Amino acid sequence: MSVRFTVSKTEEDVESGNHVDDGPNIEIVDCECPVDHGGGTKKYARLVDHGQGDFYGSVHSINWSDGKNESSPFMGSDGVRDKNLALYEDEIDHRPKVSSLLSSLANYKMLPEHTQEKRESTSTEPKSSPQMGTFMGVYLPCLQNILGVILFIRLSWIVGTAGAIGSFFIVLICCCTTLLTAVSMSAIATNGVVPAGGSYFMISRALGPEFGGAVGILFFLGTTFASAMYILGAIEILLIYIAPQMSLFGDITGIGASQSPAMLNNMRVYGTAILFCLCTLVFVGVKYVNKCALLFLMCVILSIFSIFIGFFIPKEVEFCEMNGNIALQKGSSVQSDCSFVNETGYPTEMGLLYCTPDVNNTCEEYWGGQTLKWELAIPGLGRGEIGENKKGYYRESGDVLPRQKGVNNQVSADITASFTLLLAIFFPSVTGIMAGSNRSGDLKNAQFSIPRGTIGAIITTSLIYLISVLFFAGTTRGEVLRDKYGESIGGGLLAARTCWPNEWVVLIGSFLSTVGAGLQSLTGAPRLLQAIAKDNIIPFLRVFGKGSKTGEPTWALLLTFMISEMGILIASLDLVAPIITMFFLMCYMFVNLACALQTLLRTPNWRPRFVYYHWILSGLGVGMCVALMFISSWYYAIAAMVLAGCIYKYIEFQGAEKEWGDGIRGLNLQAARYSLLRLELGPAHTKNWRPQILVMCKLDDDLMPKHRKLLTFASQLKAGKGFTQVTSVIKGDFLQKYGESKAAEQELRKMMMEEKVKGFVNVLVASNVTDGLTSSLQLCGLGGLKHNTVVLGWPYGWRQSEDIKSWKVFLDTVRAVSASHDALLVPKNITLYPSNAERLEGYIDIWWIVHDGGMLMLLPFLLKQHKVWKNCKLRIYTVAQLEDNSVQMKKDLSTFLYHLRIDAMIEVVEMTTSDISAYTYERTLMMEQRTQLLREMKLSRTEKKRVVQSVIDLHHLASGTDLNVQRERKVRFQQQESSPFDEEVIKDNEENEEDEGGEKVIEETPLADVSLPSESGSAENTPREEDTSQNEAKKDDDEDDEKLLNLKPSESNVRRMHTAVKLNEVIVEKSHKAQLVILNLPGPPKAKAAEHNYMEYLEVLTEGLERVLMVRGGGREVITIYS
């Protein structure tokens, strides 16, 4: 077989400077798609630089010469089998070769899940691979998303309110939290190939569908509300600092007008308009958004550079200061505005504002006691301002200073400030660290770029924030810093007044960058919601997974618009920011939690390349996120957690069937392992005993459970919160019945879900049903989670069946359960038991005949925890013999039940000694006659031999075979001397009558002892011999009938039957109207010959009762009077 191909440079190779001839190796890759022509196998060749793992050059098709696959006998139709793999040719159909696996991994395309690659166009132009590097693909996008509106319009106010030390600490805490989260995210990004789809895919695949869906929704809500925050910030910059005259609801430049209802209405109207325009731009196409992204980024960088240069240049910006610590609102720049009287001695407008002159000259005294003067608002560095601003001024709403209300034109607080509120307002300014991971599909090497770009951006922005805090505190007066809306400096933005060369650089730059940040949020949020909807873990969000023909998430964009509009209607950036803080902190907490779990659980697939990661950092990140949530706003934190919990439980309730190899699965495994090992330390205390149920279900011919109500009954017992396992046995060979066993398991699981039984299913394939049930009894469960209670169905119709196995399987299972010291529950008339939808009222009667460890007391209590039996009352009957004191027994039982905390009616039934009735004698006689009749119906070995030999003889006579041949042979069965009801009879019958293949075991012996008629006398002798044999058979039948008529019942059988009859009479008399009768199950007989009689006793004992539960304890106490 020969290979011929050509490697050539494409235009992209030439432009990018890739040199095909300089060393990259040629890699041959199989094509999975069919080849429509040529009949050969199509492969592809590409160039790989194994040093960097990067792909160069174009992909070229290769046609292998066909040649009928070179007549290889080991080549299949797909052309992938060869002589070297002949040993494994049967497995290739369902297990891929290593080469095919590596090929599929090599051809991996970093597309989001559920996203299909667009079809190749008819043109042969090669597609360019992702080429974005660390700087353009991760660093700059993170920088743009982190540096935003808070830096320009709130950071200076935070510094003035919290002081230099407090604000530095706020920024440091927030930046450290995001840095720790970035370290965890870098570990996830370097733990294998990073799929496109962003942070949601990393979180959901690490924590599972329940946590993934909850965090994904919170992340979506946080991103959506962030768009509202950016838009509100843009409107604030526009209306307060750029164009106040654009107000639609009156003047907003007066005293306190920035917080007036007119301003709030302006925010709502303009916010809705801008939101609609941005959503329209997103709807038109994301490519236009990406084109604007670079412009917005340049605005951010230019504005920050202008502010930092301005810190070193003194500004001639003045404000009117009162009494050395109060800033007054500035209306104009004239000198008279900062005095109470003018040069002529007449009061100015400000003087009249604070005091109205009267004849007593009280205003002169007031004016003389106050100090008003112009001060530089931004003195610059080296003026000692940082020492003055190190202390915080936390004011309540309306205060000009702490615990001092503001009056007239004094600049006072608009909201009550606290450390926690400032933390909540500032934290959204450090979010946006996942912008790089959201572009993972466009990165040339995501594992290399995401850690370096994200951490680099966080360090850069952290330095910018921290340095800005120090520069604001060191260059600006505290009164001006506490002026949120710049009213003391003529309604100007402090960051803009600080910058160089002109304030319009920052005003326009901050406005455009804020709008751009909102646009980016509106672009990412719908795609995040679409990814969640396509995962199909939240059914009612499925409609939002649909998009336009171009793939744009149209419906998701509509929902994003509606939720963002809710944030716009709040019309306050300070109220929206804490909401965003909660959502992002929850998201970051789960990122850190995912990494910590993967490391602590030692997940085999957790092998991050990021060397600076440690689980302690992730654990610290989890703690800081939780602490910040409750420090910022405890009620918002609780609301966010409740929302996440509701989403989690909803996804769990809907039954998310996603298997993403998440860390929660590993956590469950470790918790289960730990608990199982703890349970092995010693036996459970009686107080902790609860029924760990093993339900033995019989399957019909369609592999369906024959008695569905067994599962219903098990679910009604689950108020004990125990462990349930359902098992069944299929008779046959495991190699042939494997498929049927799996189908039966599916049917059992389905029925368990319908009956709301939570547990496990195990279907065993065995050559013998009894052996299979015994094996299940021994092997089901694990460690301390082994079953202690067995639910076994009653063998209905055993009387009508001539097959001994119809009831022998039941008896053998009862013996096995007793041998394993497990409790046994046998519900009789199971079809009459209530379904989970029924509600019963009446009595549950307990017939306590023998003590079995308290099972009879505990079971009705557990049943009453279920809504079906909740309204039933308990009645306990116990049996007293002639020598017992029934009055004392009732008192003792009342005391016992009191200590058990069980409410029940008590009655002691006296069983007096009476003569055996004729009915009892007759019933016993009928039982023994039936048993004897069944014995006679089973042909003896001699009779079986005689019948088979007669058939052979007749066959020889009909065929004219020479009967004088000396080497004739006859068929003889192996002899069996023991009684058919001895202990080994069943075993011998099964072993001798059937071999492993199910065929009869016969012996061949010479035909020496058989007397056959001669050829000449055959016609005369045959009729006489037939008459003789018929007479003998008739004589034997007459003797058998006479034996049955003259049969006398055994004394022990009569006594047992007498007990069953008498108890049944009493039970029916007392409990015939009871909803359920619970009584002791007698122990199985030790002798095999008495098995049939045992079944008859149970039938007599339960005659005339609708619902009966026969209980046999496991030999240990299951209930106690002690606390």
# chains A, B, ... in the order shown; residues from 1 in each chain; ligands from 1

call {"tool": "select_by_dssp", "arguments": {"residues": "region 140-325 of chain A", "states": "strand (DSSP E or B)", "output": "list of chain:residue names"}}
result
A:Glu318, A:Phe319, A:Cys320, A:Glu321, A:Met322

call {"tool": "residues_around", "arguments": {"residues": "region 546-559 of chain A", "least_positions_apart": "3", "cutoff": "8 Å", "atoms": "only C-alpha atoms", "output": "compact mmCIF listing (two decimals) with C-alpha atoms, in the first residue's frame"}}
result
# COMPACT_ATOMS: atom_id res chain seq x y z
CA CYS A 279 -30.23 45.12 22.79
CA PHE A 283 -29.74 41.45 18.04
CA GLY A 285 -25.14 40.88 15.21
CA LEU A 522 -25.84 42.17 27.18
CA ALA A 525 -25.72 37.03 29.31
CA PRO A 526 -28.04 35.68 26.56
CA ARG A 527 -25.39 33.23 25.39
CA LEU A 529 -28.67 31.45 29.27
CA GLN A 530 -28.74 29.69 25.90
CA ARG A 542 -35.79 24.97 27.09
CA VAL A 543 -37.40 27.60 24.86
CA MET A 562 -36.75 42.11 30.70
CA ILE A 563 -34.55 41.29 33.71

call {"tool": "atom_distance", "arguments": {"atom1": "CA of Leu140 (chain A)", "atom2": "CA of Gly524 (chain A)"}}
result
16.4 Å

call {"tool": "closest_residue", "arguments": {"among": "A:Leu597, A:Leu585, A:Gly567, A:Ser886", "to": "Gly619 (chain A)", "atoms": "only C-alpha atoms"}}
result
A:Leu597

call {"tool": "residues_around", "arguments": {"residues": "Ala162 (chain A)", "least_positions_apart": "5", "cutoff": "9 Å", "atoms": "only C-alpha atoms", "output": "NGL selection string"}}
result
:A and (157 or 167-168 or 170 or 389-394 or 417-419 or 422)

call {"tool": "write_last_selection", "arguments": {"atoms": "N, CA, C and O atoms", "output": "mmCIF file, in the first residue's frame"}}
result
data_model
loop_
_atom_site.group_PDB
_atom_site.id
_atom_site.type_symbol
_atom_site.label_atom_id
_atom_site.label_comp_id
_atom_site.auth_asym_id
_atom_site.auth_seq_id
_atom_site.Cartn_x
_atom_site.Cartn_y
_atom_site.Cartn_z
ATOM 1 N N TRP A 157 -15.712 58.701 46.372
ATOM 2 C CA TRP A 157 -16.678 58.776 47.481
ATOM 3 C C TRP A 157 -16.406 57.694 48.522
ATOM 4 O O TRP A 157 -16.515 57.927 49.723
ATOM 5 N N SER A 167 -10.749 52.264 53.009
ATOM 6 C CA SER A 167 -10.960 52.033 51.581
ATOM 7 C C SER A 167 -9.859 51.147 51.001
ATOM 8 O O SER A 167 -10.125 50.307 50.123
ATOM 9 N N PHE A 168 -8.623 51.315 51.473
ATOM 10 C CA PHE A 168 -7.535 50.443 51.010
ATOM 11 C C PHE A 168 -7.830 48.997 51.392
ATOM 12 O O PHE A 168 -7.600 48.075 50.607
ATOM 13 N N ILE A 170 -10.830 47.691 51.907
ATOM 14 C CA ILE A 170 -11.954 47.233 51.077
ATOM 15 C C ILE A 170 -11.463 46.761 49.727
ATOM 16 O O ILE A 170 -11.815 45.667 49.241
ATOM 17 N N ASN A 389 -7.169 62.363 55.729
ATOM 18 C CA ASN A 389 -8.195 61.481 55.148
ATOM 19 C C ASN A 389 -8.070 60.020 55.585
ATOM 20 O O ASN A 389 -8.778 59.170 55.054
ATOM 21 N N LYS A 390 -7.186 59.719 56.495
ATOM 22 C CA LYS A 390 -7.042 58.318 56.890
ATOM 23 C C LYS A 390 -8.219 57.842 57.735
ATOM 24 O O LYS A 390 -8.482 56.641 57.823
ATOM 25 N N LYS A 391 -8.946 58.780 58.341
ATOM 26 C CA LYS A 391 -10.069 58.424 59.188
ATOM 27 C C LYS A 391 -11.358 58.382 58.368
ATOM 28 O O LYS A 391 -11.548 59.197 57.470
ATOM 29 N N GLY A 392 -12.229 57.453 58.689
ATOM 30 C CA GLY A 392 -13.483 57.327 57.979
ATOM 31 C C GLY A 392 -14.590 58.171 58.581
ATOM 32 O O GLY A 392 -14.590 58.466 59.782
ATOM 33 N N TYR A 393 -15.541 58.586 57.731
ATOM 34 C CA TYR A 393 -16.707 59.345 58.148
ATOM 35 C C TYR A 393 -17.957 58.609 57.668
ATOM 36 O O TYR A 393 -18.419 58.832 56.543
ATOM 37 N N TYR A 394 -18.463 57.715 58.505
ATOM 38 C CA TYR A 394 -19.660 56.958 58.138
ATOM 39 C C TYR A 394 -20.880 57.741 58.621
ATOM 40 O O TYR A 394 -21.081 57.916 59.827
ATOM 41 N N ALA A 417 -24.316 55.203 55.061
ATOM 42 C CA ALA A 417 -23.116 54.480 54.646
ATOM 43 C C ALA A 417 -22.568 53.645 55.799
ATOM 44 O O ALA A 417 -22.648 54.033 56.968
ATOM 45 N N SER A 418 -22.020 52.512 55.446
ATOM 46 C CA SER A 418 -21.342 51.645 56.404
ATOM 47 C C SER A 418 -20.251 50.887 55.664
ATOM 48 O O SER A 418 -20.205 50.873 54.422
ATOM 49 N N PHE A 419 -19.380 50.271 56.428
ATOM 50 C CA PHE A 419 -18.297 49.520 55.804
ATOM 51 C C PHE A 419 -18.839 48.410 54.904
ATOM 52 O O PHE A 419 -18.334 48.181 53.796
ATOM 53 N N LEU A 422 -20.281 49.876 51.615
ATOM 54 C CA LEU A 422 -19.213 50.284 50.694
ATOM 55 C C LEU A 422 -18.557 49.071 50.048
ATOM 56 O O LEU A 422 -18.194 49.101 48.864
#

call {"tool": "closest_atom_pairs", "arguments": {"of": "region 200-286 of chain A", "to": "region 590-594 of chain A", "cutoff": "12 Å", "atoms": "only C-alpha atoms", "output": "Markdown table"}}
result
| residue | atom | partner | partner_atom | distance |
| --- | --- | --- | --- | --- |
| A:Tyr200 | CA | A:Val591 | CA | 9.7 |
| A:Phe201 | CA | A:Val591 | CA | 11.0 |
| A:Met202 | CA | A:Val591 | CA | 8.2 |
| A:Ile203 | CA | A:Val591 | CA | 6.0 |
| A:Ser204 | CA | A:Ala594 | CA | 9.3 |
| A:Arg205 | CA | A:Ala594 | CA | 9.4 |
| A:Ala206 | CA | A:Ala594 | CA | 5.8 |
| A:Leu207 | CA | A:Ala594 | CA | 6.0 |
| A:Gly208 | CA | A:Ala594 | CA | 9.7 |
| A:Phe211 | CA | A:Phe590 | CA | 8.3 |
| A:Gly212 | CA | A:Phe590 | CA | 8.9 |
| A:Gly213 | CA | A:Phe590 | CA | 11.6 |
| A:Ala214 | CA | A:Phe590 | CA | 10.1 |
| A:Val215 | CA | A:Phe590 | CA | 7.4 |
| A:Gly216 | CA | A:Phe590 | CA | 10.4 |
| A:Leu218 | CA | A:Phe590 | CA | 11.0 |
| A:Phe219 | CA | A:Phe590 | CA | 10.8 |

call {"tool": "write_last_selection", "arguments": {"atoms": "N, CA, C and O atoms", "output": "PDB file, in the first residue's frame"}}
result
ATOM      1  N   TYR A 200     -19.301  29.083  32.789  1.00  0.00           N
ATOM      2  CA  TYR A 200     -20.419  28.203  33.159  1.00  0.00           C
ATOM      3  C   TYR A 200     -20.059  26.750  32.906  1.00  0.00           C
ATOM      4  O   TYR A 200     -20.348  25.875  33.740  1.00  0.00           O
ATOM      5  N   PHE A 201     -19.419  26.465  31.781  1.00  0.00           N
ATOM      6  CA  PHE A 201     -19.066  25.083  31.474  1.00  0.00           C
ATOM      7  C   PHE A 201     -18.024  24.563  32.455  1.00  0.00           C
ATOM      8  O   PHE A 201     -18.068  23.400  32.860  1.00  0.00           O
ATOM      9  N   MET A 202     -17.092  25.412  32.857  1.00  0.00           N
ATOM     10  CA  MET A 202     -16.093  24.957  33.822  1.00  0.00           C
ATOM     11  C   MET A 202     -16.737  24.642  35.165  1.00  0.00           C
ATOM     12  O   MET A 202     -16.423  23.643  35.801  1.00  0.00           O
ATOM     13  N   ILE A 203     -17.669  25.475  35.606  1.00  0.00           N
ATOM     14  CA  ILE A 203     -18.295  25.260  36.902  1.00  0.00           C
ATOM     15  C   ILE A 203     -19.220  24.052  36.863  1.00  0.00           C
ATOM     16  O   ILE A 203     -19.185  23.182  37.731  1.00  0.00           O
ATOM     17  N   SER A 204     -20.070  24.005  35.840  1.00  0.00           N
ATOM     18  CA  SER A 204     -21.067  22.941  35.789  1.00  0.00           C
ATOM     19  C   SER A 204     -20.424  21.576  35.611  1.00  0.00           C
ATOM     20  O   SER A 204     -20.875  20.589  36.193  1.00  0.00           O
ATOM     21  N   ARG A 205     -19.357  21.504  34.822  1.00  0.00           N
ATOM     22  CA  ARG A 205     -18.713  20.198  34.616  1.00  0.00           C
ATOM     23  C   ARG A 205     -17.873  19.790  35.814  1.00  0.00           C
ATOM     24  O   ARG A 205     -17.504  18.620  35.942  1.00  0.00           O
ATOM     25  N   ALA A 206     -17.569  20.738  36.689  1.00  0.00           N
ATOM     26  CA  ALA A 206     -16.814  20.398  37.891  1.00  0.00           C
ATOM     27  C   ALA A 206     -17.715  20.091  39.071  1.00  0.00           C
ATOM     28  O   ALA A 206     -17.337  19.324  39.953  1.00  0.00           O
ATOM     29  N   LEU A 207     -18.919  20.657  39.102  1.00  0.00           N
ATOM     30  CA  LEU A 207     -19.791  20.492  40.258  1.00  0.00           C
ATOM     31  C   LEU A 207     -21.065  19.717  39.953  1.00  0.00           C
ATOM     32  O   LEU A 207     -21.840  19.457  40.865  1.00  0.00           O
ATOM     33  N   GLY A 208     -21.312  19.372  38.699  1.00  0.00           N
ATOM     34  CA  GLY A 208     -22.487  18.583  38.377  1.00  0.00           C
ATOM     35  C   GLY A 208     -23.659  19.428  37.924  1.00  0.00           C
ATOM     36  O   GLY A 208     -23.653  20.654  38.040  1.00  0.00           O
ATOM     37  N   PHE A 211     -25.610  21.730  40.937  1.00  0.00           N
ATOM     38  CA  PHE A 211     -24.863  22.924  41.296  1.00  0.00           C
ATOM     39  C   PHE A 211     -24.558  23.769  40.066  1.00  0.00           C
ATOM     40  O   PHE A 211     -24.591  25.001  40.114  1.00  0.00           O
ATOM     41  N   GLY A 212     -24.244  23.111  38.952  1.00  0.00           N
ATOM     42  CA  GLY A 212     -23.935  23.848  37.734  1.00  0.00           C
ATOM     43  C   GLY A 212     -25.108  24.690  37.274  1.00  0.00           C
ATOM     44  O   GLY A 212     -24.940  25.852  36.884  1.00  0.00           O
ATOM     45  N   GLY A 213     -26.308  24.117  37.299  1.00  0.00           N
ATOM     46  CA  GLY A 213     -27.481  24.877  36.893  1.00  0.00           C
ATOM     47  C   GLY A 213     -27.765  26.033  37.838  1.00  0.00           C
ATOM     48  O   GLY A 213     -28.087  27.150  37.400  1.00  0.00           O
ATOM     49  N   ALA A 214     -27.632  25.796  39.143  1.00  0.00           N
ATOM     50  CA  ALA A 214     -27.890  26.863  40.115  1.00  0.00           C
ATOM     51  C   ALA A 214     -26.887  27.999  39.959  1.00  0.00           C
ATOM     52  O   ALA A 214     -27.258  29.184  39.912  1.00  0.00           O
ATOM     53  N   VAL A 215     -25.596  27.653  39.854  1.00  0.00           N
ATOM     54  CA  VAL A 215     -24.575  28.693  39.702  1.00  0.00           C
ATOM     55  C   VAL A 215     -24.710  29.376  38.350  1.00  0.00           C
ATOM     56  O   VAL A 215     -24.505  30.590  38.231  1.00  0.00           O
ATOM     57  N   GLY A 216     -25.062  28.605  37.315  1.00  0.00           N
ATOM     58  CA  GLY A 216     -25.234  29.203  35.996  1.00  0.00           C
ATOM     59  C   GLY A 216     -26.336  30.250  35.982  1.00  0.00           C
ATOM     60  O   GLY A 216     -26.176  31.329  35.395  1.00  0.00           O
ATOM     61  N   LEU A 218     -27.407  31.965  38.620  1.00  0.00           N
ATOM     62  CA  LEU A 218     -26.919  33.104  39.396  1.00  0.00           C
ATOM     63  C   LEU A 218     -25.925  33.936  38.593  1.00  0.00           C
ATOM     64  O   LEU A 218     -25.942  35.175  38.642  1.00  0.00           O
ATOM     65  N   PHE A 219     -25.060  33.277  37.850  1.00  0.00           N
ATOM     66  CA  PHE A 219     -24.092  33.987  37.014  1.00  0.00           C
ATOM     67  C   PHE A 219     -24.808  34.781  35.920  1.00  0.00           C
ATOM     68  O   PHE A 219     -24.442  35.925  35.610  1.00  0.00           O
TER      69      PHE A 219
END

call {"tool": "select_by_dssp", "arguments": {"residues": "region 354-577 of chain A", "states": "alpha helix (DSSP H)", "output": "PyMOL selection string"}}
result
chain A and resi 354+362-368+385-388+419-426+446-475+478-481+494-498+503-535+554-570+573-577

call {"tool": "closest_residue", "arguments": {"among": "A:Val171, A:Asn768, A:Leu856, A:Ser715", "to": "Val868 (chain A)", "atoms": "only C-alpha atoms"}}
result
A:Ser715

call {"tool": "atom_distance", "arguments": {"atom1": "CA of Val695 (chain A)", "atom2": "CA of Leu792 (chain A)"}}
result
6.5 Å
